[in-house]
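Written out below as structure tokens is the structure these notes cover.
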Amino acid sequence: MKKVKKGKFIQVPSWIWMCISLTAAMALWILIASSEAGGVIFAEPWEVAQKAVDKIRDGTLWGHVGISLFRVLTGFCIGFILSVPIAILMGWYAPFRKIVEPWIQFLRNIPPLAYIPLVITGAGVGEKAKIIVIFIASFLVMVVTIYQGVCNVDTTLIKAAMVLGAGSREIFFHVVIPASTPFILVGARLGVSASLTTLIAAELTGASKGLGMMIQKAQGYYDMSTVLLGIIIIGVIGLLMEKGIRFLERRLTGWQETTGAQ
């Protein structure tokens with residue numbers, strides 16, 4: 001029987017597809033920016049590039065990037081550290097779940113923006129307020145995702161461990177937590193996204209520096225090249241952080257059979 005050959009596009013290196021994607025995106029950007037309607041919103045790519053060079057030379061860009069990264073990473077890390085044990089306890093212990101889950105489900109339906117007046121009143125307009133807003137957004141996303149992962153642990157694994165004589169402690173630490181690791185990392189990826197999405201809202205609480213503040217200030221002066229520069233930098237930071245978590249995911253969950261591209 002004659003073997004069916006795979007499509008040739010599968011053999012094309014991934015970096016070529018990336019180049020094609022970037023070229024297409026750049027062409028679309030130029031097309032929109034050169035149009036009468038799109039030119040009002042989108043600056044030309046070279047204008048954005050020149051703005052980046054100018055801000056790097058005068059040293060202002062690194063200040064905005066550094067303080068925004070500090071806020072995002074601090075809020076995300078606090079949210080991650082708290083969400084993992086709470087989500088695991090919710091999934092493993094019924095009394096804890098029945099007390100905590102209704103409040104988690106209630107709070108996650110409230111946009112993080114709604115907490116800003118309360119946060120400002122309680123924590124002022126300093127760094128603490130910004131970190132709290134980012135923490136709330138990332139924590140709620142991660143705790144729900146990880147909790148669902150714990151609930152979806154294969155019961156066959158638990159039953160097999162019980163047959164082999166494992167107690168509740170051994171099942172919890174050697175079955176439930178390892179089986180939940182992929183969901184913990186997926187929750188981390190979603191938490192990073194939520195942190196970056198909330199960054200601009202968090203910097204509404206009286207920030208003098210930061211990418212969100214840079215974007216807001218530039219919008220007031222109708223400096224669209226700076227606005228686009230800030231948006232692109234936030235996107236690049238998010239992409240790099242997600243790539244880092246994906247790397248950890250491949251290293252820590254290499255035993256898991258998956259389908260699809262990584």
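Note on naming: chains are A, B, ... as they come in the structure tokens, residues start from 1 per chain, ligands start from 1 in the order shown.
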Worksheet entry | Residue set, region 23-146 of chain A restricted to alpha helix (DSSP H), as a ChimeraX atom specification | /A:23-34,45-57,60-92,94-108,116-123,127-146
Excluding Thr74 (chain A) and residues on its chain fewer than 3 positions from it, collect all residues at most 8 Å away from it, counting only C-alpha atoms, and give them as a PDB file with N, CA, C and O atoms, in the first residue's frame.
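Below is the file part.pdb, written as the result:
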```
ATOM      1  N   PHE A  70       7.921  45.453  38.005  1.00  0.00           N
ATOM      2  CA  PHE A  70       7.906  45.232  39.450  1.00  0.00           C
ATOM      3  C   PHE A  70       6.477  45.044  39.952  1.00  0.00           C
ATOM      4  O   PHE A  70       6.193  44.127  40.731  1.00  0.00           O
ATOM      5  N   ARG A  71       5.567  45.889  39.511  1.00  0.00           N
ATOM      6  CA  ARG A  71       4.168  45.794  39.956  1.00  0.00           C
ATOM      7  C   ARG A  71       3.525  44.493  39.486  1.00  0.00           C
ATOM      8  O   ARG A  71       2.852  43.806  40.260  1.00  0.00           O
ATOM      9  N   CYS A  77       3.113  37.161  41.763  1.00  0.00           N
ATOM     10  CA  CYS A  77       3.757  36.189  42.659  1.00  0.00           C
ATOM     11  C   CYS A  77       2.967  36.003  43.951  1.00  0.00           C
ATOM     12  O   CYS A  77       2.791  34.872  44.428  1.00  0.00           O
ATOM     13  N   ILE A  78       2.468  37.097  44.513  1.00  0.00           N
ATOM     14  CA  ILE A  78       1.642  36.974  45.731  1.00  0.00           C
ATOM     15  C   ILE A  78       0.379  36.184  45.420  1.00  0.00           C
ATOM     16  O   ILE A  78      -0.031  35.296  46.184  1.00  0.00           O
ATOM     17  N   ILE A 131      -0.280  47.121  43.427  1.00  0.00           N
ATOM     18  CA  ILE A 131       0.017  45.697  43.577  1.00  0.00           C
ATOM     19  C   ILE A 131      -1.226  44.938  44.035  1.00  0.00           C
ATOM     20  O   ILE A 131      -1.484  43.816  43.581  1.00  0.00           O
ATOM     21  N   PHE A 135      -2.875  41.882  42.136  1.00  0.00           N
ATOM     22  CA  PHE A 135      -3.004  40.637  42.899  1.00  0.00           C
ATOM     23  C   PHE A 135      -4.426  40.086  42.819  1.00  0.00           C
ATOM     24  O   PHE A 135      -4.627  38.887  42.599  1.00  0.00           O
TER      25      PHE A 135
END
```
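Shell of Ser138 (chain A) at 7 Å, with only C-alpha atoms counted and residues fewer than 6 places along the chain excluded, is Phe76, Gly79, Gly191, Val192, Ala194 and Ser195 of chain A.
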Using C-alpha atoms, can you export the residues from the last selection as a PDB file, in the first residue's frame?
```pdb
ATOM      1  CA  PHE A  76       1.339  37.931  40.278  1.00  0.00           C
ATOM      2  CA  GLY A  79      -1.445  35.761  43.888  1.00  0.00           C
ATOM      3  CA  GLY A 191      -2.527  34.795  35.880  1.00  0.00           C
ATOM      4  CA  VAL A 192       0.275  36.523  33.975  1.00  0.00           C
ATOM      5  CA  ALA A 194      -4.639  38.894  33.927  1.00  0.00           C
ATOM      6  CA  SER A 195      -1.821  40.802  35.653  1.00  0.00           C
TER       7      SER A 195
END
```
Worksheet entry | Best match for closeness to Ile234 (chain A) among A:Thr197, A:Thr156, A:Ser208, A:Gln219, counting only C-alpha atoms |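 Distance minimum relative to Ile234 (chain A) lands on A:Thr197.
With only C-alpha atoms as the atoms that count, the minimum distance from Leu240 (chain A) to the choices A:Arg189, A:Phe42, A:Val119, A:Val176 is reached by A:Arg189.
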Worksheet item: Any idea what the distance is between CA of Asp223 (chain A) and CA of Leu61 (chain A)?
Response: 15.0 Å
Worksheet item: To one decimal place, how far is CA of Leu185 (chain A) from CA of Val153 (chain A) in Å?
Response: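 Computing the Euclidean distance for CA of Leu185 (chain A) and CA of Val153 (chain A) yields 14.8 Å.
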Fill in: Residue among A:Met90, A:Ala25, A:Val72, A:Ala33 lying closest to Tyr147 (chain A), counting only C-alpha atoms
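For Tyr147 (chain A), the nearest of the candidates is A:Met90.
Rounded to one decimal, CA of Glu249 (chain A) and CA of Ile158 (chain A) lie 22.9 Å from each other.
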Please identify every residue of region 182-258 of chain A that has at least one atom no farther than 9 Å from an atom of region 143-146 of chain A, counting only C-alpha atoms, and for each give the shortest atom pair and the distance in Å to one decimal, arranged by chain then increasing number, as JSON lines.
```
{"residue": "A:Pro182", "atom": "CA", "partner": "A:Ile146", "partner_atom": "CA", "distance": 8.9}
{"residue": "A:Phe183", "atom": "CA", "partner": "A:Ile146", "partner_atom": "CA", "distance": 5.4}
{"residue": "A:Ile184", "atom": "CA", "partner": "A:Ile146", "partner_atom": "CA", "distance": 5.2}
{"residue": "A:Leu185", "atom": "CA", "partner": "A:Ile146", "partner_atom": "CA", "distance": 8.5}
{"residue": "A:Val186", "atom": "CA", "partner": "A:Thr145", "partner_atom": "CA", "distance": 7.5}
{"residue": "A:Gly187", "atom": "CA", "partner": "A:Thr145", "partner_atom": "CA", "distance": 5.3}
{"residue": "A:Ala188", "atom": "CA", "partner": "A:Ile146", "partner_atom": "CA", "distance": 9.0}
{"residue": "A:Leu190", "atom": "CA", "partner": "A:Thr145", "partner_atom": "CA", "distance": 8.5}
```
Item to complete: Return the single residue from A:Ser14, A:Asn152, A:Ser83, A:Thr23 that is closest to Leu140 (chain A), with distances computed using only C-alpha atoms.
Response: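 For Leu140 (chain A), the nearest of the given residues is A:Ser83.
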